[in-house]
Protein chains: 2
Amino acid sequence: MEFPPITPPDQQAHRTAVARHDQLTKPAGSLGRLEELGVWMAACQGACPPRPFARAQVVVFAGDHGVATQGVSAYPAEVTRQMVGTFLSGGAAVNVLAASAGAAVRVVDMAVDADTDDTPPAVTRHKVRRSSGRIDVEDALSQAEVDAALAAGIATADEEVDRGSDLLIAGDMGIGNTTPSAVLIAALTGTEPVAVAGRGTGIDDAGWMRKTAAIRDALRRARPVVADPVELLRVAGGADLAAMTGFLAQAAVRRTPAVLDGVASGAAAMVAERLAPGARLWWLAGHRSMEPAHDVVLENLELAPVLDLQLRLGEGSGAVAALPLLQMAARVLAEMATFGDAGVSGPAGDVVPAE
Amino acid sequence: MEFPPITPPDQQAHRTAVARHDQLTKPAGSLGRLEELGVWMAACQGACPPRPFARAQVVVFAGDHGVATQGVSAYPAEVTRQMVGTFLSGGAAVNVLAASAGAAVRVVDMAVDADTDDTPPAVTRHKVRRSSGRIDVEDALSQAEVDAALAAGIATADEEVDRGSDLLIAGDMGIGNTTPSAVLIAALTGTEPVAVAGRGTGIDDAGWMRKTAAIRDALRRARPVVADPVELLRVAGGADLAAMTGFLAQAAVRRTPAVLDGVASGAAAMVAERLAPGARLWWLAGHRSMEPAHDVVLENLELAPVLDLQLRLGEGSGAVAALPLLQMAARVLAEMATFGDAGVSGPAGDVVPAE
């Protein structure tokens with residue numbers, strides 16, 4: 001799997017946006033992170049002022065995980081299939097948040113462990129298999145499966161960009177998926193299992209111990225292949241995580257910004273950055289998740305989260321929650337008066353006359 | 001100045017919202033602060049699910065400060081008058097953020113040190129005086145002025161609630177206003193000047209030393225009257241801060257929620273809580289400001305900020321930036337499917353059939 005070299009966002013638009021911020025009727029830097037978000041949007045769009053995103057698209061990659069049989073989640077695996085239905089009927093959290101933020105949501109079944117033939121073809125077209133191998137004792141995927149899953153993510157990103165999506169969000173749905181996510185993150189950063197094992201959907205102490213043991217066992221299998229990102233996904237990931245990896249890397253290839261969510265998209269992003277170095281410049285961390293492994297992701301990718309709302313849901317929810325701030329950031333650059341426009345005095349006290 | 005006793009938000013609606021969150025198709029608590037925001041809205045509105053705010057109103061209270069002549073700000077005092085014009089023409093940061101969030105903005109001139117007779121009557125109707133006394137050496141206001149300013153804030157809150165505003169935000173505009181704000185906060189909490197003196201609009205080290213000295217001198221005058229909140233506003237506040245105090249207290253009297261912004265609205269809120277104990281239950285901290293005194297406010301009022309974006313602008317900007325998250329929080333309670341609706345299994349694994 002080779003991605004073309006990633007070119008960074010437009011540095012001229014970046015500089016123009018930084019300079020424009022100093023002309024707007026506010027003390028320099030006083031809008032803090034909102035200024036940075038606007039500058040990032042300008043650079044990604046190659047234009048200042050940036051446009052508010054007109055078509056932000058969440059793609060929820062759904063998949064089950066063999067390791068869920070080991071009692072690592074508070075919920076039974078059939079919830080993954082049920083939630084696919086809830087996404088389609090618009091009743092999931094990410095649907096509601098996206099409706100509020102003006103984003104669209106679609107769901108892609110990569111490896112749900114159930115018959116989903118009654119869902120639209122767009123949901124099932126890329127399905128690679130049902131569930132995954134138990135990563136604590138066996139490989140998650142075959143070579144053909146991991147290749148197909150990565151290709152599905154790439155194809156999905158291409159499809160979205162080609163139809164005009166100007167912001168991509170990779171959401172996740174899969175009972176047990178924080179376990180392989182934690183394994184990928186720990187393997188890539190040399191972190192110990194106890195430091196990446198979180199409470200996920202809300203497991204108790206006994207469940208947390210089972211999860212930590214599963215992470216430990218899977219890490220033993222994952223560490224020898226950590227230098228090969230695709231092999232790592234094959235051994236210790238899953239079809240959903242592989243698809244998210246391809247999706248996020250291809251977003252950068254297509255020079256389309258993406259907002260990361262929590263630990264699943266974060267794990268995929270870390271693998272994607274290894275496959276397509278520099279891709280992270282096209283990503284924003286929407287929030288800081290409650291999952292401890294997510295802090296490892298943010299530090300490793302050097303991304304500062306926009307929100308810190310103690311979310312731990314996934315689905316893309318934390319990324320969508322940050323979207324209104326991005327829209328505000330763009331409008332600040334586009335719509336605020338400049339000192340010159342407004343006849344407002346600058347710090348030196350010179351009144352700049354209105355034009 | 002006496003406010004009627006403040007009654008807390010509706011506890012029955014609070015409990016109903018907490019219980020409803022556990023029925024929605026997500027792990028319990030997994031939406032973190034968004035769940036808390038929805039519960040707070042339900043309690044304030046006395047109904048679950050809460051409605052997204054239909055008429056969020058920012059009122060920017062503008063006023064100059066005599067202490068600005070002491071070099072405590074990076075900007076000249078005439079900027080206050082100029083920014084009143086920018087608010088009216090819609091070019092200020094808070095206008096743009098509010099347009100994006102669906103909020104309305106009005107500006108009330110309490111003590112701008114300039115002729116504002118060319119602005120609409122609603123802007124100038126409550127004007128108490130031009131600027132304020134130099135609080136490092138003299139009282140900010142006379143007794144009649146502080147009474148008039150408090151009454152103006154109360155009247156403005158009443159007017160907004162009476163015309164249907166369902167969320168109030170007190171914004172501030174006034175060169176030098178972080179100095180009296182810091183004095184009020186330090187006086188009410190026994191904090192030292194160096195711990196509340198911030199960089200405001202962006203002063204240099206020499207300016208910071210002048211500001212800290214002014215705060216120290218004003219504190220010497222303020223501390224003896226700290227037990228009397230109105231006297232404190234008279235000695236060390238200003239007409240804009242007094243109006244914001246009346247506005248925020250009256251919001252609680254009228255059982256209307258308010259979102260606090262930065263250090264100016266925070267200072268006013270601390271005084272308002274003393275005049276109307278319990279009012280803080282009707283307030284939300286929109287964000288954590290860069291001004292160090294703001295951390296003192298948040299701790300004193302026991303309010304956890306929604307956002308932490310390194311903002312230091314005022315105008316209500318940080319409160320407005322949090323508004324989309326409130327709207328999302330309400331819609332989550334109103335629109336998400338329940339486990340029963342969706343036929344999704346709960347943590348125990350019992351499939352609840354779709355109805």
# chains A, B, ... in the order shown; residues from 1 in each chain; ligands from 1
$ interface_residues --of "chain B" --to "chain A" --cutoff "8 Å" --atoms "only C-alpha atoms" --output "CSV table (one decimal) with N, CA, C and O atoms, in the first residue's frame"
chain,number,residue,atom,x,y,z
B,25,THR,N,-29.9,5.9,23.1
B,25,THR,CA,-29.0,4.9,22.5
B,25,THR,C,-27.6,5.3,22.5
B,25,THR,O,-27.0,5.6,21.5
B,26,LYS,N,-27.0,5.2,23.7
B,26,LYS,CA,-25.6,5.5,23.9
B,26,LYS,C,-25.2,5.0,25.3
B,26,LYS,O,-26.1,4.9,26.1
B,27,PRO,N,-24.0,4.6,25.5
B,27,PRO,CA,-23.6,4.2,26.9
B,27,PRO,C,-23.9,5.4,27.9
B,27,PRO,O,-23.7,6.5,27.5
B,28,ALA,N,-24.3,5.0,29.0
B,28,ALA,CA,-24.7,6.0,30.0
B,28,ALA,C,-23.5,6.9,30.3
B,28,ALA,O,-22.4,6.5,30.6
B,30,SER,N,-21.9,8.8,28.3
B,30,SER,CA,-20.9,8.9,27.3
B,30,SER,C,-20.8,10.2,26.5
B,30,SER,O,-19.8,10.5,25.8
B,31,LEU,N,-21.8,11.0,26.7
B,31,LEU,CA,-21.8,12.4,26.1
B,31,LEU,C,-21.3,13.4,27.1
B,31,LEU,O,-21.4,14.6,26.8
B,32,GLY,N,-20.8,13.0,28.2
B,32,GLY,CA,-20.1,13.9,29.2
B,32,GLY,C,-20.8,15.2,29.4
B,32,GLY,O,-22.0,15.3,29.8
B,33,ARG,N,-20.1,16.3,29.2
B,33,ARG,CA,-20.6,17.6,29.5
B,33,ARG,C,-21.8,17.9,28.6
B,33,ARG,O,-22.7,18.7,29.1
B,34,LEU,N,-21.9,17.4,27.4
B,34,LEU,CA,-23.1,17.6,26.6
B,34,LEU,C,-24.4,17.1,27.4
B,34,LEU,O,-25.5,17.8,27.3
B,74,ALA,N,-3.6,48.5,26.2
B,74,ALA,CA,-2.8,48.7,25.0
B,74,ALA,C,-3.5,49.6,24.0
B,74,ALA,O,-2.9,50.1,23.0
B,75,TYR,N,-4.8,49.9,24.3
B,75,TYR,CA,-5.6,50.7,23.3
B,75,TYR,C,-6.0,52.0,23.9
B,75,TYR,O,-6.2,52.1,25.1
B,76,PRO,N,-6.2,53.1,23.1
B,76,PRO,CA,-6.7,54.3,23.6
B,76,PRO,C,-8.2,54.2,23.9
B,76,PRO,O,-8.9,53.5,23.3
B,78,GLU,N,-10.6,56.0,23.1
B,78,GLU,CA,-11.6,56.3,22.1
B,78,GLU,C,-12.1,55.0,21.3
B,78,GLU,O,-13.1,55.1,20.6
B,79,VAL,N,-11.4,53.9,21.5
B,79,VAL,CA,-11.8,52.7,20.9
B,79,VAL,C,-13.2,52.2,21.4
B,79,VAL,O,-13.9,51.6,20.6
B,82,GLN,N,-15.7,53.9,19.3
B,82,GLN,CA,-15.6,53.3,17.9
B,82,GLN,C,-16.2,51.9,17.8
B,82,GLN,O,-16.9,51.6,16.8
B,83,MET,N,-15.9,51.1,18.8
B,83,MET,CA,-16.5,49.8,18.8
B,83,MET,C,-18.0,49.8,19.0
B,83,MET,O,-18.7,48.9,18.4
B,85,GLY,N,-19.9,51.7,17.5
B,85,GLY,CA,-20.3,51.8,16.1
B,85,GLY,C,-20.1,50.5,15.3
B,85,GLY,O,-21.0,50.1,14.5
B,86,THR,N,-19.0,49.8,15.6
B,86,THR,CA,-18.8,48.5,15.0
B,86,THR,C,-19.8,47.5,15.4
B,86,THR,O,-20.3,46.7,14.5
B,90,GLY,N,-22.4,45.7,12.8
B,90,GLY,CA,-22.4,44.2,12.7
B,90,GLY,C,-21.0,43.7,12.4
B,90,GLY,O,-20.8,42.5,12.0
B,91,GLY,N,-19.9,44.5,12.5
B,91,GLY,CA,-18.6,44.1,12.1
B,91,GLY,C,-17.7,43.6,13.3
B,91,GLY,O,-16.6,43.2,13.0
B,92,ALA,N,-18.2,43.6,14.5
B,92,ALA,CA,-17.4,43.1,15.6
B,92,ALA,C,-17.4,41.6,15.7
B,92,ALA,O,-18.3,40.9,15.2
B,93,ALA,N,-16.4,41.1,16.4
B,93,ALA,CA,-16.4,39.6,16.6
B,93,ALA,C,-17.7,39.0,17.1
B,93,ALA,O,-18.2,38.0,16.6
B,96,VAL,N,-20.4,38.6,14.5
B,96,VAL,CA,-20.1,37.5,13.6
B,96,VAL,C,-20.4,36.1,14.2
B,96,VAL,O,-21.0,35.2,13.7
B,97,LEU,N,-19.9,36.0,15.5
B,97,LEU,CA,-20.1,34.7,16.2
B,97,LEU,C,-21.6,34.5,16.5
B,97,LEU,O,-22.1,33.4,16.3
B,100,SER,N,-23.5,33.4,13.5
B,100,SER,CA,-23.2,32.0,13.2
B,100,SER,C,-24.0,31.1,14.2
B,100,SER,O,-24.5,30.0,13.8
B,101,ALA,N,-24.1,31.6,15.4
B,101,ALA,CA,-24.8,30.7,16.4
B,101,ALA,C,-26.3,31.0,16.5
B,101,ALA,O,-27.0,30.3,17.3
B,201,THR,N,-5.9,43.5,26.7
B,201,THR,CA,-5.9,43.5,25.2
B,201,THR,C,-4.5,43.2,24.7
B,201,THR,O,-4.3,43.2,23.5
B,202,GLY,N,-3.5,43.1,25.6
B,202,GLY,CA,-2.2,42.8,25.1
B,202,GLY,C,-1.1,43.8,25.6
B,202,GLY,O,-0.3,44.2,24.7
B,306,VAL,N,-17.4,25.6,29.7
B,306,VAL,CA,-17.6,24.7,28.6
B,306,VAL,C,-16.5,24.6,27.6
B,306,VAL,O,-16.0,23.5,27.2
B,307,LEU,N,-15.9,25.8,27.3
B,307,LEU,CA,-14.8,25.9,26.3
B,307,LEU,C,-13.6,26.4,26.9
B,307,LEU,O,-13.6,27.1,27.9
B,308,ASP,N,-12.5,26.0,26.3
B,308,ASP,CA,-11.2,26.6,26.8
B,308,ASP,C,-10.4,26.9,25.5
B,308,ASP,O,-9.6,26.0,25.1
B,309,LEU,N,-10.6,28.0,24.9
B,309,LEU,CA,-10.1,28.3,23.6
B,309,LEU,C,-9.1,29.5,23.6
B,309,LEU,O,-8.8,30.1,22.6
B,310,GLN,N,-8.6,29.8,24.8
B,310,GLN,CA,-7.6,30.9,25.0
B,310,GLN,C,-8.1,32.2,24.4
B,310,GLN,O,-7.4,33.0,23.8
B,311,LEU,N,-9.4,32.4,24.6
B,311,LEU,CA,-10.0,33.7,24.2
B,311,LEU,C,-9.7,34.7,25.3
B,311,LEU,O,-9.6,34.4,26.5
B,312,ARG,N,-9.6,36.0,24.9
B,312,ARG,CA,-9.4,37.1,25.8
B,312,ARG,C,-10.0,38.4,25.2
B,312,ARG,O,-9.3,39.4,25.2
B,313,LEU,N,-11.1,38.3,24.6
B,313,LEU,CA,-11.7,39.4,23.9
B,313,LEU,C,-12.8,40.1,24.6
B,313,LEU,O,-12.9,41.3,24.6
B,321,ALA,N,-19.7,31.6,21.7
B,321,ALA,CA,-19.0,30.4,21.1
B,321,ALA,C,-19.5,29.1,21.7
B,321,ALA,O,-19.5,28.1,21.0
B,324,PRO,N,-23.7,26.9,20.3
B,324,PRO,CA,-24.0,25.8,19.5
B,324,PRO,C,-24.0,24.4,20.3
B,324,PRO,O,-24.8,23.5,20.0
B,325,LEU,N,-23.1,24.4,21.3
B,325,LEU,CA,-23.1,23.1,22.1
B,325,LEU,C,-24.3,23.0,23.0
B,325,LEU,O,-24.8,21.9,23.2
B,327,GLN,N,-27.3,24.1,22.0
B,327,GLN,CA,-28.3,23.7,21.1
B,327,GLN,C,-28.2,22.2,20.8
B,327,GLN,O,-29.2,21.5,20.8
B,328,MET,N,-27.0,21.8,20.7
B,328,MET,CA,-26.8,20.3,20.4
B,328,MET,C,-27.3,19.5,21.6
B,328,MET,O,-27.9,18.5,21.5
B,331,ARG,N,-31.0,19.2,21.7
B,331,ARG,CA,-31.5,18.3,20.6
B,331,ARG,C,-31.2,16.8,20.9
B,331,ARG,O,-32.0,16.0,20.5
B,332,VAL,N,-30.1,16.6,21.6
B,332,VAL,CA,-29.8,15.2,22.0
B,332,VAL,C,-30.9,14.7,22.8
B,332,VAL,O,-31.4,13.5,22.6
B,335,GLU,N,-34.2,14.5,20.4
B,335,GLU,CA,-34.3,13.8,19.2
B,335,GLU,C,-33.7,12.4,19.1
B,335,GLU,O,-34.0,11.7,18.2
B,336,MET,N,-32.8,12.1,20.1
B,336,MET,CA,-32.2,10.8,20.0
B,336,MET,C,-33.2,9.7,20.3
B,336,MET,O,-34.1,9.9,21.0
B,337,ALA,N,-33.0,8.6,19.6
B,337,ALA,CA,-33.8,7.4,19.9
B,337,ALA,C,-33.5,6.8,21.2
B,337,ALA,O,-32.4,7.0,21.7
B,342,ALA,N,-35.4,2.0,19.4
B,342,ALA,CA,-34.5,1.5,18.3
B,342,ALA,C,-34.3,0.0,18.4
B,342,ALA,O,-33.7,-0.6,17.5
B,343,GLY,N,-34.9,-0.7,19.4
B,343,GLY,CA,-34.6,-2.1,19.5
B,343,GLY,C,-33.1,-2.4,19.7
B,343,GLY,O,-32.6,-3.4,19.1
B,344,VAL,N,-32.5,-1.5,20.5
B,344,VAL,CA,-31.1,-1.7,20.7
B,344,VAL,C,-30.9,-2.3,22.1
B,344,VAL,O,-31.6,-1.9,23.1
B,345,SER,N,-29.9,-3.3,22.2
B,345,SER,CA,-29.7,-4.0,23.5
B,345,SER,C,-29.0,-3.0,24.5
B,345,SER,O,-28.2,-2.2,24.1
B,346,GLY,N,-29.4,-3.2,25.7
B,346,GLY,CA,-28.7,-2.4,26.8
B,346,GLY,C,-27.5,-3.2,27.3
B,346,GLY,O,-27.2,-4.3,26.7
B,347,PRO,N,-26.8,-2.6,28.3
B,347,PRO,CA,-25.6,-3.3,28.8
B,347,PRO,C,-25.8,-4.7,29.3
B,347,PRO,O,-24.9,-5.5,29.2
B,348,ALA,N,-27.0,-5.0,29.8
B,348,ALA,CA,-27.3,-6.4,30.3
B,348,ALA,C,-27.4,-7.4,29.1
B,348,ALA,O,-27.4,-8.6,29.3
B,349,GLY,N,-27.6,-6.9,27.9
B,349,GLY,CA,-27.7,-7.8,26.8
B,349,GLY,C,-29.1,-8.1,26.4
B,349,GLY,O,-29.4,-8.8,25.5
$ residues_around --residues "Gln250 of chain A" --least-positions-apart "6" --cutoff "8 Å" --atoms "only C-alpha atoms" --output "ChimeraX atom specification"
/A:3,153-154,157-158
$ residues_around --residues "Pro180 of chain A" --least-positions-apart "2" --cutoff "9 Å" --atoms "only C-alpha atoms" --output "PyMOL selection string"
chain A and resi 65+67+135+176-178+182-185+215+218+236-238+241+264+267
$ atom_distance --atom1 "atom CA of Leu219 of chain A" --atom2 "atom CA of Leu141 of chain A"
15.6 Å
$ select_by_dssp --residues "segment 102-235 of chain A" --states "alpha helix (DSSP H)" --output "PyMOL selection string"
chain A and resi 121-124+143-162+178-189+193-196+205-222+229-235
$ residues_around --residues "segment 279-288 of chain B" --least-positions-apart "2" --cutoff "7 Å" --atoms "only C-alpha atoms" --output "list of chain:residue names"
B:Ile6, B:Pro8, B:Pro9, B:Cys44, B:Ala249, B:Ala252, B:Thr256, B:Pro257, B:Ala258, B:Val259, B:Leu260, B:Asp261, B:Glu273, B:Ala276, B:Pro277, B:Met290, B:His294, B:Leu301, B:Leu303, B:Ala304, B:Pro305, B:Val306, B:Leu307, B:Asp308, B:Gly318, B:Ala319, B:Ala322
$ closest_residue --among "B:Glu2, B:Gly262, B:Leu326, B:Arg130" --to "Leu298 of chain B" --atoms "only C-alpha atoms"
B:Gly262
$ atom_distance --atom1 "atom CA of Gly198 of chain A" --atom2 "atom CA of Arg106 of chain A"
27.2 Å
$ residues_around --residues "Ala17 of chain B" --least-positions-apart "3" --cutoff "8 Å" --atoms "only C-alpha atoms" --output "MDAnalysis selection string"
chainID B and resid 13:14 20:21 38:39 42 48:49 333
$ atom_distance --atom1 "atom CA of Gly66 of chain A" --atom2 "atom CA of Ser132 of chain A"
5.0 Å
